[in-house]
Each structure stands twice: as C-alpha cells, then as structure tokens.
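A.B. asks: The following block contains the structure, expressed as structure tokens.
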Amino acid sequence: MAYAMREAPVTSIVVIGKESVGKSELVGALTNRPPKSENFRGSTVRCETFRIDGHEFVDTPGILRQSDTLTTKMALSSLVNGDIVFLVLQATHLSQDLNDFLPLVVGKRCVIVVTFWDKVKANIGAAATVAKLSFEVGIPIIPVDARRIEKAQRQTILDAAENACVPRCTKVLLRPVWLIEPKSTVLEHRYIGPALAICLFLTPAVAAVGIANSFAGFADPIFKEFTGLFLPEFNGLPAVLKEVLIGDYGLVTMGPLLFVWAVPTVVLYALLLGCYKASGLLDRMSSAMHPLVSRVGLSGRDLVRIVMGFGCNVPAVISTRACSRCSRDTTIKTIAFGAACSYQFGATIGVFAAIGHPLLIAPFLTYLVLTTIIYTRLTSSRESRSQFNILVVGGRTFITWPHWKGIWREARSTLMSFFRTSIPIFFLISVIASLLNWLHVLYHVSAFIQPAMAAFHLPEQAALPIVLASIRKDGILLVAQMARGTALTRGQSLTAVYLAGELLPCLVTALTISRERSSIFVGKLMLRQALAACFFALLLAWGASAIGF
C-alpha cells in the first residue's frame, strides 16, 4: 500500500527593520537564493521570500514608525503570520531601535541581528554591551556587517533561529556608550545641497538615455536587417495576421523600439539608480530636495518614484506604495503626466533628430518640467502641501561604496516589473493597435479630431500620432514621418511632441494605476491630464507662433 508523502513543515521567518538597515543583504547572504515576490501565507501582503532548508525568509519593506505608508502597514501586518521574527537593527542606534521594535513583537519568538557593526566594534566594551543587552532582553543578539557575513556568522544566525524565544521585556534600560551619526556632506548644505541633488537626480536618466541611444544607433540597423530576412515568409499569411506581425504597428515592425531602444535604457537606468540606493546616496538626495518639492505637495521620497518613471512608469507607480497616504495620489498623477518613460523619451529624441533639430530636446524638457510642476501644484491636495507634512525618514543614512550584489538587488525589482508587466502589455497593445489599424478605426478616430489640430497650429496629419501616442508612447515617432511631408516649424514640432506625449498616460501606465488605485481614480486622472495637456499645448503653440519660433 502506497502512502502519500507529507511535505516537511516550513518555518516562516519574518525579517523586519527600518529602511536602509541591511535586511535584504542579510537575507541574501543567509540563503544565497534569488527572491520570489508572492503573497505571504494567510494574508494579502506581497513580500519577497527566500527559501532554504525548511526555512522561508520573508523580506518585508522598510518600516517608518511615524509614517502611514502602505509598505509600512504591509510589513507590520506580516508579523501576524510569521513563526519567527528577525529584528534587524542598526548598531549605531541600538537601544533606540530596540525600544522602537520590541513592543511590536510581544509574544513572538525572535532573533535580533545587529547590522553596521563595523561602525561601532572599535569602541571599547562594544561586544560586552551587546552581551548585556542580550541578557536583558532574553533573546540572542548577533552583530554582523550585513555586506560581508562570514560563514561562521551565517551558521550562528541559522542556529539562533532554531532556538528563538520570546523577549522578556518591551523596553531596555541599558544604554550603549556610543551613538554614531553619519557624517554630514555637501548635500546637507541649505543652498548647495538641493542644487547638487537635482543634478544627481538627472544624471542617471541623461546617462542611461545617452548611452542607450548610442548603442541603439549602432544596433538598430543590424536588428532591422536581421528581421528583414524573415519578412518574405509572412507574405502568404492571412491579411489580419500579416497586419499584426508586420503592419505599421505589428510585433516585428515595432520590435526594434522595444529591444533596441527601450530595454537598454531601462536596464542602464535601473542599474545606475541601484548604485544610488545601495550606497545610501538616494536617501540623502531625497532629504536635500524635500524643502523644494514640499511646496507643490510632494516629499523628497516621492521624487525618487517620479525619477524612476523615466526608466519605466510601471515599477514607479507600484513603488508609490512607499509614499505617504496624503501624497501618494499626487505622486501617481505626477508620474503619469511628467515622467517621460524610456519609450516616450527615446521617441522624443528620435523625432527631433529625424527632423534635423536635435537641440529641441532642451526646450522640450524645460517646458515639460515647468508644466509638470504647475500641474502637480494645482492637482495636489491641501493636506499634502501642509507645512506640517514633514519628511518622515529613519534618520540620516550612511554613505558607503556600493557592492555589485547590492546594486543588482536594488535594480532587480524594477527590471522584473518591466519584463513581467510592461513587455507583455507592450505585445498586447501592439496586437490591439494593429487590429484597430486593420479595421480602419484609427483612421476614423484621427479624422474625427483633425479639425481640432488647427487650434494648436498643427496640420491635420498630426491627429494620428496623437491618437496612437495615447495608446503607446512610441506613437510619437509618427511625428517625424509627418514632419518630413509638411515642413513643420520648430514650434509646431515641440507642440506636436508635447501634446502627443502628455495628452494621456499610455495604456500600460493607465492599467497599472487602475490596479493600484481604482478605475474611477484613473478615469478622473485621465480627464484632468487631458485638459491640462491641451491647455499647456495651446500656450506653447501660440507662444511659439507669436515669437516666430
């Protein structure tokens, strides 16, 4: 008689701690496994999990105790279903962190891992103080440098998990003799800091686009020549299938924009931003920018998500879960309006280069930034602009030289969101656009709005690029084709590209926002954005015409 084998029970270990304390480095070093993003058992909380030898390590988002962010709520709610809790605390603020987190784990079996030990271990009696704190709390406290965990330390931590016990107090009385604050940098300067932070924020986007476009200029002809070898094979296909594959918006036709132009930009941008995150520089930049952006209803932390949108809007919108409740909606609206994703940015540069005016990218970006600031200020809530809405951070972070594993870990989530979400939707939209083109729906829609083009001093042919760019931002490329046949002025080119890019968020972004918020929210957002984009485009068109630009 055969008996069904029962799976060995899995012990879930929930890892919690403040932001930038080294949780992910610790879990990665303990398991040497890639994470999986999935719902935590018994809840709707989605965290990264690492599994090894009957243990499931759940790496939760960083906790900001005073904040109301969705990620903080997610991390706290995950405590309910964990068998064991790993408290990851910072050695430089050990007693403070203990008193912050011990009340959260009442009745739970725990292990405490202290990171940034390299910052304090030179203090006389540091090891003895940790031993006394461990005795006072009644659970193991293991000091490590999370970036360089030794084999013996790894085994000690895993053994401690097997013997984890419940803390016997919720507050410690012993105070270590050290309290180490990170050194101040030029980013903390009242005037120079914000200016430097702005330059640092823009550098990854500019560098990624510049490098990727140089690569694309070399690779695009090769890619098109390669795909051209297979074009004769499609001639015998049914008309509708031929349109989906090699039509104006077909999968093969639009493939170069995705794989040659967009993917390198997203990858480079994610890696460069990963360097900022892994080094701790991004947190410092956020704090430096906060006094400026708080006036329009954002925080410095929100600005990070907006900058992410220049790589891909999808992970940027998802990452707004870490925004404050009062500023999350504003951040989403700003991403949808002003964060020119890799498709839009690459297509914009391509249009200006194709019509012989590559330097138009400078006035375009200037106008985009200015109108985005105005739009954000007008659509933000009064609560988000309150002078009492201070930046909630876990203290000034240490700036360290980033390790390549840390860079990849930070970039990985952005890249996975792009490849798992954006690319499948890209293919879906290609099919939809091809079918609409085959059915002549796009032609009739563009014909319907052609009379409105005169108000923007644009020819009737501008209607089609604007319609398509509302579905997919690479539709902006059709402006270049239109410009060759109609001899657009520089002002008309700017207006056409601006209106096509800002009229509506692309379908990928709209669907993501709908999943994160609601269909009603995204409907209101699209209406508000369309009205604002038309108004700003009219100002641009009539202003350029008035000065003969």
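By order in the structure tokens, chains are A, B, ...; within a chain, residues start at 1; ligands start at 1, following the order shown.
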Could you name the residues that touch A:Phe310 at 10 Å or less, counting only C-alpha atoms, but leaving out those on the same chain fewer than 5 positions away, as a list in words?

C.D. replies: Leu202, Pro204, Ala205, Val206, Ala208, Val209, Thr265, Val266, Tyr269, Ala270, Arg305, Ala316, Ile335, Gly338, Ala339, Ala340, Cys341, Ser342, Tyr343, Gln344 and Phe345 of chain A

A.B. asks: Any chance you can output those residues with C-alpha atoms as an mmCIF file, in the first residue's frame?

C.D. replies:
```cif
data_model
loop_
_atom_site.group_PDB
_atom_site.id
_atom_site.type_symbol
_atom_site.label_atom_id
_atom_site.label_comp_id
_atom_site.auth_asym_id
_atom_site.auth_seq_id
_atom_site.Cartn_x
_atom_site.Cartn_y
_atom_site.Cartn_z
ATOM 1 C CA LEU A 202 19.028 63.908 -13.529
ATOM 2 C CA PRO A 204 21.090 58.554 -14.325
ATOM 3 C CA ALA A 205 18.325 59.480 -16.784
ATOM 4 C CA VAL A 206 20.629 61.528 -19.015
ATOM 5 C CA ALA A 208 21.131 55.988 -19.497
ATOM 6 C CA VAL A 209 19.392 57.611 -22.457
ATOM 7 C CA THR A 265 17.573 52.428 -21.417
ATOM 8 C CA VAL A 266 15.559 50.711 -18.694
ATOM 9 C CA TYR A 269 18.749 53.402 -15.656
ATOM 10 C CA ALA A 270 17.799 50.699 -13.149
ATOM 11 C CA ARG A 305 9.458 57.427 -7.501
ATOM 12 C CA ALA A 316 7.437 53.713 -10.495
ATOM 13 C CA ILE A 335 4.384 60.175 -12.791
ATOM 14 C CA GLY A 338 5.635 64.331 -16.327
ATOM 15 C CA ALA A 339 7.764 61.179 -16.021
ATOM 16 C CA ALA A 340 8.705 60.577 -19.662
ATOM 17 C CA CYS A 341 9.348 56.817 -19.723
ATOM 18 C CA SER A 342 12.016 55.222 -21.889
ATOM 19 C CA TYR A 343 9.565 54.788 -24.788
ATOM 20 C CA GLN A 344 8.484 58.422 -24.728
ATOM 21 C CA PHE A 345 11.926 59.856 -24.049
#
```

A.B. asks: Stretch 157-234 of chain A near stretch 133-142 of chain A within 10 Å: what's each residue's closest atom pair and its distance in Å to one decimal, counting only C-alpha atoms, ordered by chain then ascending residue number, as CSV?

C.D. replies:
```
residue,atom,partner,partner_atom,distance
A:Ile157,CA,A:Ile142,CA,7.1
A:Ala160,CA,A:Pro140,CA,6.8
A:Ala161,CA,A:Pro140,CA,9.2
A:Asn163,CA,A:Pro140,CA,9.0
A:Ala164,CA,A:Ile139,CA,7.0
A:Cys165,CA,A:Ile139,CA,6.2
A:Val166,CA,A:Ile139,CA,7.1
A:Pro167,CA,A:Gly138,CA,5.5
A:Arg168,CA,A:Val137,CA,5.7
A:Cys169,CA,A:Val137,CA,5.8
A:Thr170,CA,A:Val137,CA,8.0
A:Lys171,CA,A:Val137,CA,8.2
A:Val172,CA,A:Val137,CA,7.1
A:Leu173,CA,A:Glu136,CA,8.5
A:Leu174,CA,A:Leu133,CA,6.8
A:Arg175,CA,A:Leu133,CA,8.8
A:Pro176,CA,A:Leu133,CA,8.9
```

A.B. asks: Can you list every residue in stretch 127-169 of chain A that DSSP puts in alpha helix (DSSP H), as an mmCIF file with C-alpha atoms, in the first residue's frame?

C.D. replies:
```
data_model
loop_
_atom_site.group_PDB
_atom_site.id
_atom_site.type_symbol
_atom_site.label_atom_id
_atom_site.label_comp_id
_atom_site.auth_asym_id
_atom_site.auth_seq_id
_atom_site.Cartn_x
_atom_site.Cartn_y
_atom_site.Cartn_z
ATOM 1 C CA ALA A 127 30.867 43.342 22.439
ATOM 2 C CA ALA A 128 30.302 43.233 26.209
ATOM 3 C CA THR A 129 27.497 45.793 25.934
ATOM 4 C CA VAL A 130 25.718 43.717 23.287
ATOM 5 C CA ALA A 131 26.041 40.645 25.522
ATOM 6 C CA LYS A 132 24.462 42.557 28.422
ATOM 7 C CA LEU A 133 21.615 43.775 26.201
ATOM 8 C CA SER A 134 21.018 40.212 25.016
ATOM 9 C CA PHE A 135 20.778 39.063 28.639
ATOM 10 C CA GLU A 136 18.386 41.928 29.490
ATOM 11 C CA VAL A 137 16.075 41.189 26.545
ATOM 12 C CA LYS A 151 30.441 31.578 7.153
ATOM 13 C CA ALA A 152 30.604 31.155 10.921
ATOM 14 C CA GLN A 153 28.289 34.135 11.473
ATOM 15 C CA ARG A 154 25.813 32.724 8.981
ATOM 16 C CA GLN A 155 25.670 29.431 10.848
ATOM 17 C CA THR A 156 25.307 31.221 14.181
ATOM 18 C CA ILE A 157 22.277 33.121 12.893
ATOM 19 C CA LEU A 158 20.635 30.000 11.475
ATOM 20 C CA ASP A 159 21.252 28.129 14.739
ATOM 21 C CA ALA A 160 19.749 31.025 16.677
ATOM 22 C CA ALA A 161 16.596 30.716 14.587
ATOM 23 C CA GLU A 162 16.181 27.128 15.748
#
```

A.B. asks: So, counting only C-alpha atoms, which residue among A:Ile407, A:Cys326, A:Leu527, A:Leu89 is closest to A:Gly297?

C.D. replies: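 Nearest to A:Gly297: A:Cys326.
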
A.B. asks: My list of candidates is A:Val508, A:Ile355, A:Ala362, A:Leu187. Which is closest to A:Ala480 when distances are computed with only C-alpha atoms?

C.D. replies: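 Closest to A:Ala480, using only C-alpha atoms: A:Ile355.
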
A.B. asks: So that I can check the surroundings of A:Val267, please list as an MDAnalysis selection string every protein, DNA and RNA residue that reaches within 9 Å of it, counting only C-alpha atoms and ignoring chain neighbours fewer than 5 positions away.

C.D. replies: chainID A and resid 208 262 272 311 411 414:415

A.B. asks: How would the residues just chosen look if you wrote them out with C-alpha atoms as an mmCIF file, in the first residue's frame?

C.D. replies:
```
data_model
loop_
_atom_site.group_PDB
_atom_site.id
_atom_site.type_symbol
_atom_site.label_atom_id
_atom_site.label_comp_id
_atom_site.auth_asym_id
_atom_site.auth_seq_id
_atom_site.Cartn_x
_atom_site.Cartn_y
_atom_site.Cartn_z
ATOM 1 C CA ALA A 208 21.131 55.988 -19.497
ATOM 2 C CA ALA A 262 13.722 50.806 -24.605
ATOM 3 C CA LEU A 272 22.508 53.471 -12.100
ATOM 4 C CA GLY A 311 13.012 54.324 -16.802
ATOM 5 C CA ALA A 411 17.739 47.130 -9.600
ATOM 6 C CA THR A 414 12.488 47.484 -11.282
ATOM 7 C CA LEU A 415 13.698 45.196 -14.053
#
```

A.B. asks: What's the separation between atom CA of A:Val307 and atom CA of A:Lys18, in Å to one decimal place?

C.D. replies: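 Between atom CA of A:Val307 and atom CA of A:Lys18 the gap works out to 22.8 Å.
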
A.B. asks: For A:Leu439, which residue among A:Leu179, A:Leu368, A:Val120, A:Val240 is the nearest when counting only C-alpha atoms?

C.D. replies: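 Between A:Leu179, A:Leu368, A:Val120, A:Val240, the residue approaching A:Leu439 most closely is A:Val240.
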
A.B. asks: For atom CA of A:Met526 and atom CA of A:Tyr367, determine how far apart the two atoms are, in Å to one decimal place.

C.D. replies: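 Atom-to-atom, atom CA of A:Met526 to atom CA of A:Tyr367, that is 20.2 Å.
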
A.B. asks: Quick one: of A:Val304, A:Leu464, A:Val522, A:Ala216, who's nearest to A:His444, counting only C-alpha atoms?

C.D. replies: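 Distance minimum relative to A:His444 lands on A:Leu464.
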
A.B. asks: What is the distance between atom CA of A:Ala336 and atom CA of A:Ser294, in Å to one decimal?

C.D. replies: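 Separation of atom CA of A:Ala336 and atom CA of A:Ser294: 18.9 Å.
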
A.B. asks: Measuring between only C-alpha atoms, which one of A:Ser279, A:Asn32, A:Ser327, A:Thr400 shows the shortest distance to A:Thr376?

C.D. replies: A:Ser327

A.B. asks: Quick one: of A:Gln492, A:Ser384, A:Thr371, A:Thr253, who's nearest to A:Asp302, counting only C-alpha atoms?

C.D. replies: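 Distance minimum relative to A:Asp302 lands on A:Ser384.
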
A.B. asks: What's around A:Arg190 at 12 Å? Count only C-alpha atoms, leave out sequence neighbours fewer than 2 positions away in its own chain, and write the answer as a PyMOL selection string.

C.D. replies: chain A and resi 184-188+192-197+287-292

A.B. asks: Restricting the output to all heavy atoms, write the selected residues as a short mmCIF file (atom, residue, chain, number, x, y, z; two decimals), in the first residue's frame.

C.D. replies:
```
data_model
loop_
_atom_site.label_atom_id
_atom_site.label_comp_id
_atom_site.auth_asym_id
_atom_site.auth_seq_id
_atom_site.Cartn_x
_atom_site.Cartn_y
_atom_site.Cartn_z
N SER A 184 28.03 64.57 8.00
CA SER A 184 27.33 65.49 7.10
C SER A 184 28.13 65.66 5.81
O SER A 184 29.35 65.56 5.79
CB SER A 184 27.15 66.84 7.79
OG SER A 184 26.50 67.76 6.93
N THR A 185 27.40 65.89 4.70
CA THR A 185 28.04 66.11 3.40
C THR A 185 27.52 67.41 2.81
O THR A 185 26.70 68.11 3.40
CB THR A 185 27.72 64.95 2.43
OG1 THR A 185 26.32 64.98 2.12
CG2 THR A 185 28.07 63.60 3.05
N VAL A 186 27.99 67.73 1.62
CA VAL A 186 27.56 68.95 0.96
C VAL A 186 26.06 68.90 0.64
O VAL A 186 25.40 69.93 0.47
CB VAL A 186 28.39 69.18 -0.33
CG1 VAL A 186 28.06 68.13 -1.38
CG2 VAL A 186 28.17 70.59 -0.88
N LEU A 187 25.47 67.69 0.58
CA LEU A 187 24.04 67.56 0.31
C LEU A 187 23.20 68.14 1.44
O LEU A 187 22.02 68.46 1.24
CB LEU A 187 23.67 66.09 0.10
CG LEU A 187 24.03 65.50 -1.26
CD1 LEU A 187 23.87 64.00 -1.25
CD2 LEU A 187 23.16 66.12 -2.35
N GLU A 188 23.79 68.26 2.62
CA GLU A 188 23.05 68.84 3.74
C GLU A 188 23.16 70.37 3.78
O GLU A 188 22.55 71.01 4.64
CB GLU A 188 23.54 68.26 5.07
CG GLU A 188 23.00 66.88 5.39
CD GLU A 188 23.53 65.78 4.48
OE1 GLU A 188 24.76 65.63 4.38
OE2 GLU A 188 22.71 65.10 3.84
N ILE A 192 23.47 74.75 -1.48
CA ILE A 192 24.19 73.91 -2.44
C ILE A 192 23.56 72.52 -2.51
O ILE A 192 23.49 71.91 -3.59
CB ILE A 192 25.68 73.81 -2.06
CG1 ILE A 192 26.31 75.21 -2.05
CG2 ILE A 192 26.42 72.90 -3.03
CD1 ILE A 192 27.76 75.22 -1.61
N GLY A 193 23.09 72.01 -1.38
CA GLY A 193 22.54 70.65 -1.32
C GLY A 193 21.42 70.40 -2.31
O GLY A 193 21.50 69.44 -3.11
N PRO A 194 20.36 71.22 -2.33
CA PRO A 194 19.28 70.98 -3.29
C PRO A 194 19.73 71.05 -4.74
O PRO A 194 19.29 70.26 -5.58
CB PRO A 194 18.27 72.09 -2.97
CG PRO A 194 18.52 72.42 -1.54
CD PRO A 194 20.01 72.26 -1.35
N ALA A 195 20.63 72.01 -5.05
CA ALA A 195 21.12 72.14 -6.43
C ALA A 195 21.90 70.90 -6.84
O ALA A 195 21.73 70.38 -7.96
CB ALA A 195 21.99 73.39 -6.57
N LEU A 196 22.75 70.41 -5.94
CA LEU A 196 23.53 69.20 -6.23
C LEU A 196 22.62 68.00 -6.37
O LEU A 196 22.81 67.15 -7.25
CB LEU A 196 24.56 68.97 -5.13
CG LEU A 196 25.41 67.70 -5.26
CD1 LEU A 196 26.20 67.71 -6.57
CD2 LEU A 196 26.36 67.57 -4.06
N ALA A 197 21.59 67.93 -5.51
CA ALA A 197 20.66 66.79 -5.57
C ALA A 197 19.92 66.76 -6.90
O ALA A 197 19.70 65.69 -7.47
CB ALA A 197 19.67 66.88 -4.41
N SER A 287 16.25 63.84 1.07
CA SER A 287 16.16 64.82 2.15
C SER A 287 16.55 66.22 1.66
O SER A 287 15.94 67.22 2.06
CB SER A 287 17.06 64.40 3.31
OG SER A 287 16.64 63.15 3.84
N ALA A 288 17.58 66.27 0.80
CA ALA A 288 18.03 67.57 0.30
C ALA A 288 16.97 68.25 -0.57
O ALA A 288 16.81 69.47 -0.55
CB ALA A 288 19.32 67.40 -0.50
N MET A 289 16.20 67.45 -1.32
CA MET A 289 15.21 68.00 -2.23
C MET A 289 13.88 68.32 -1.56
O MET A 289 13.05 69.05 -2.11
CB MET A 289 14.95 67.01 -3.37
CG MET A 289 16.07 66.92 -4.39
SD MET A 289 16.24 68.45 -5.32
CE MET A 289 14.65 68.50 -6.13
N HIS A 290 13.66 67.79 -0.37
CA HIS A 290 12.36 67.93 0.27
C HIS A 290 11.88 69.37 0.43
O HIS A 290 10.71 69.68 0.14
CB HIS A 290 12.35 67.22 1.62
CG HIS A 290 11.04 67.30 2.33
ND1 HIS A 290 9.93 66.61 1.90
CD2 HIS A 290 10.65 68.02 3.42
CE1 HIS A 290 8.91 66.90 2.70
NE2 HIS A 290 9.32 67.73 3.63
N PRO A 291 12.73 70.31 0.89
CA PRO A 291 12.24 71.68 1.06
C PRO A 291 11.70 72.30 -0.23
O PRO A 291 10.83 73.17 -0.18
CB PRO A 291 13.49 72.43 1.56
CG PRO A 291 14.34 71.38 2.20
CD PRO A 291 14.12 70.17 1.36
N LEU A 292 12.21 71.87 -1.38
CA LEU A 292 11.76 72.43 -2.65
C LEU A 292 10.44 71.80 -3.10
O LEU A 292 9.48 72.52 -3.41
CB LEU A 292 12.83 72.22 -3.73
CG LEU A 292 14.16 72.93 -3.53
CD1 LEU A 292 15.09 72.61 -4.69
CD2 LEU A 292 13.97 74.44 -3.41
#
```

A.B. asks: Give me the residues within 12 Å of A:Pro459 as number ranges by chain, counting only C-alpha atoms and dropping any in the same chain fewer than 3 places off.

C.D. replies: A: 446-447, 449-456, 462-466, 479, 482-483, 485-489, 492-493, 495-496

A.B. asks: Tell me, as a PDB file with N, CA, C and O atoms, in the first residue's frame, which residues lie within 12 Å of A:Leu245, counting only C-alpha atoms; anything in the same chain fewer than 6 positions away does not count.

C.D. replies:
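Result file is result07.pdb:
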```pdb
ATOM      1  N   THR A 227      15.739  41.100 -38.922  1.00  0.00           N
ATOM      2  CA  THR A 227      14.307  40.806 -39.024  1.00  0.00           C
ATOM      3  C   THR A 227      13.826  40.870 -40.472  1.00  0.00           C
ATOM      4  O   THR A 227      12.870  40.185 -40.840  1.00  0.00           O
ATOM      5  N   PHE A 230      13.303  37.688 -42.554  1.00  0.00           N
ATOM      6  CA  PHE A 230      12.147  36.825 -42.367  1.00  0.00           C
ATOM      7  C   PHE A 230      10.868  37.414 -42.956  1.00  0.00           C
ATOM      8  O   PHE A 230       9.840  36.751 -42.979  1.00  0.00           O
ATOM      9  N   LEU A 231      10.931  38.672 -43.425  1.00  0.00           N
ATOM     10  CA  LEU A 231       9.725  39.320 -43.927  1.00  0.00           C
ATOM     11  C   LEU A 231       9.073  38.575 -45.099  1.00  0.00           C
ATOM     12  O   LEU A 231       7.843  38.487 -45.168  1.00  0.00           O
ATOM     13  N   GLU A 233       8.702  35.558 -45.539  1.00  0.00           N
ATOM     14  CA  GLU A 233       7.970  34.397 -45.032  1.00  0.00           C
ATOM     15  C   GLU A 233       6.548  34.762 -44.625  1.00  0.00           C
ATOM     16  O   GLU A 233       5.681  33.886 -44.516  1.00  0.00           O
ATOM     17  N   PHE A 234       6.286  36.055 -44.366  1.00  0.00           N
ATOM     18  CA  PHE A 234       4.966  36.467 -43.886  1.00  0.00           C
ATOM     19  C   PHE A 234       4.005  36.824 -45.027  1.00  0.00           C
ATOM     20  O   PHE A 234       2.824  37.067 -44.766  1.00  0.00           O
ATOM     21  N   ASN A 235       4.488  36.885 -46.253  1.00  0.00           N
ATOM     22  CA  ASN A 235       3.651  37.346 -47.363  1.00  0.00           C
ATOM     23  C   ASN A 235       2.451  36.436 -47.617  1.00  0.00           C
ATOM     24  O   ASN A 235       1.408  36.883 -48.086  1.00  0.00           O
ATOM     25  N   LEU A 237       0.640  34.861 -45.415  1.00  0.00           N
ATOM     26  CA  LEU A 237      -0.267  34.779 -44.261  1.00  0.00           C
ATOM     27  C   LEU A 237      -1.574  35.510 -44.538  1.00  0.00           C
ATOM     28  O   LEU A 237      -1.635  36.400 -45.395  1.00  0.00           O
ATOM     29  N   PRO A 238      -2.640  35.162 -43.805  1.00  0.00           N
ATOM     30  CA  PRO A 238      -3.897  35.923 -43.911  1.00  0.00           C
ATOM     31  C   PRO A 238      -3.657  37.395 -43.604  1.00  0.00           C
ATOM     32  O   PRO A 238      -2.758  37.745 -42.834  1.00  0.00           O
ATOM     33  N   ALA A 239      -4.488  38.272 -44.167  1.00  0.00           N
ATOM     34  CA  ALA A 239      -4.271  39.718 -44.072  1.00  0.00           C
ATOM     35  C   ALA A 239      -4.224  40.203 -42.627  1.00  0.00           C
ATOM     36  O   ALA A 239      -3.366  41.006 -42.250  1.00  0.00           O
ATOM     37  N   LEU A 251       4.117  43.411 -34.386  1.00  0.00           N
ATOM     38  CA  LEU A 251       5.110  42.956 -33.414  1.00  0.00           C
ATOM     39  C   LEU A 251       6.528  43.024 -33.983  1.00  0.00           C
ATOM     40  O   LEU A 251       7.456  43.453 -33.296  1.00  0.00           O
ATOM     41  N   VAL A 252       6.694  42.590 -35.220  1.00  0.00           N
ATOM     42  CA  VAL A 252       8.028  42.621 -35.828  1.00  0.00           C
ATOM     43  C   VAL A 252       8.428  44.048 -36.168  1.00  0.00           C
ATOM     44  O   VAL A 252       9.580  44.459 -35.965  1.00  0.00           O
ATOM     45  N   THR A 253       7.474  44.831 -36.648  1.00  0.00           N
ATOM     46  CA  THR A 253       7.757  46.219 -37.029  1.00  0.00           C
ATOM     47  C   THR A 253       8.211  47.047 -35.832  1.00  0.00           C
ATOM     48  O   THR A 253       9.184  47.820 -35.921  1.00  0.00           O
ATOM     49  N   MET A 254       7.518  46.915 -34.717  1.00  0.00           N
ATOM     50  CA  MET A 254       7.806  47.730 -33.545  1.00  0.00           C
ATOM     51  C   MET A 254       8.830  47.086 -32.618  1.00  0.00           C
ATOM     52  O   MET A 254       9.226  47.683 -31.610  1.00  0.00           O
ATOM     53  N   GLY A 255       9.255  45.868 -32.940  1.00  0.00           N
ATOM     54  CA  GLY A 255      10.223  45.176 -32.086  1.00  0.00           C
ATOM     55  C   GLY A 255      11.506  45.944 -31.823  1.00  0.00           C
ATOM     56  O   GLY A 255      11.989  45.986 -30.683  1.00  0.00           O
ATOM     57  N   PHE A 427       3.250  43.883 -25.997  1.00  0.00           N
ATOM     58  CA  PHE A 427       2.831  42.980 -27.070  1.00  0.00           C
ATOM     59  C   PHE A 427       1.310  43.011 -27.246  1.00  0.00           C
ATOM     60  O   PHE A 427       0.804  42.983 -28.375  1.00  0.00           O
ATOM     61  N   SER A 430       0.370  46.141 -29.021  1.00  0.00           N
ATOM     62  CA  SER A 430       0.753  46.038 -30.434  1.00  0.00           C
ATOM     63  C   SER A 430      -0.329  45.315 -31.231  1.00  0.00           C
ATOM     64  O   SER A 430      -0.695  45.729 -32.337  1.00  0.00           O
ATOM     65  N   VAL A 431      -0.839  44.237 -30.650  1.00  0.00           N
ATOM     66  CA  VAL A 431      -1.901  43.471 -31.318  1.00  0.00           C
ATOM     67  C   VAL A 431      -3.162  44.313 -31.444  1.00  0.00           C
ATOM     68  O   VAL A 431      -3.800  44.369 -32.510  1.00  0.00           O
ATOM     69  N   ILE A 432      -3.532  45.005 -30.344  1.00  0.00           N
ATOM     70  CA  ILE A 432      -4.748  45.831 -30.365  1.00  0.00           C
ATOM     71  C   ILE A 432      -4.624  46.955 -31.393  1.00  0.00           C
ATOM     72  O   ILE A 432      -5.540  47.201 -32.189  1.00  0.00           O
ATOM     73  N   ALA A 433      -3.467  47.656 -31.367  1.00  0.00           N
ATOM     74  CA  ALA A 433      -3.265  48.760 -32.315  1.00  0.00           C
ATOM     75  C   ALA A 433      -3.290  48.252 -33.755  1.00  0.00           C
ATOM     76  O   ALA A 433      -3.839  48.917 -34.650  1.00  0.00           O
ATOM     77  N   SER A 434      -2.712  47.089 -34.004  1.00  0.00           N
ATOM     78  CA  SER A 434      -2.706  46.531 -35.358  1.00  0.00           C
ATOM     79  C   SER A 434      -4.118  46.200 -35.824  1.00  0.00           C
ATOM     80  O   SER A 434      -4.486  46.476 -36.982  1.00  0.00           O
ATOM     81  N   LEU A 435      -4.912  45.602 -34.936  1.00  0.00           N
ATOM     82  CA  LEU A 435      -6.285  45.260 -35.296  1.00  0.00           C
ATOM     83  C   LEU A 435      -7.111  46.525 -35.561  1.00  0.00           C
ATOM     84  O   LEU A 435      -7.914  46.577 -36.510  1.00  0.00           O
ATOM     85  N   TRP A 438      -6.093  47.796 -38.894  1.00  0.00           N
ATOM     86  CA  TRP A 438      -6.630  46.935 -39.952  1.00  0.00           C
ATOM     87  C   TRP A 438      -8.120  47.200 -40.188  1.00  0.00           C
ATOM     88  O   TRP A 438      -8.607  47.157 -41.308  1.00  0.00           O
TER      89      TRP A 438
END
```
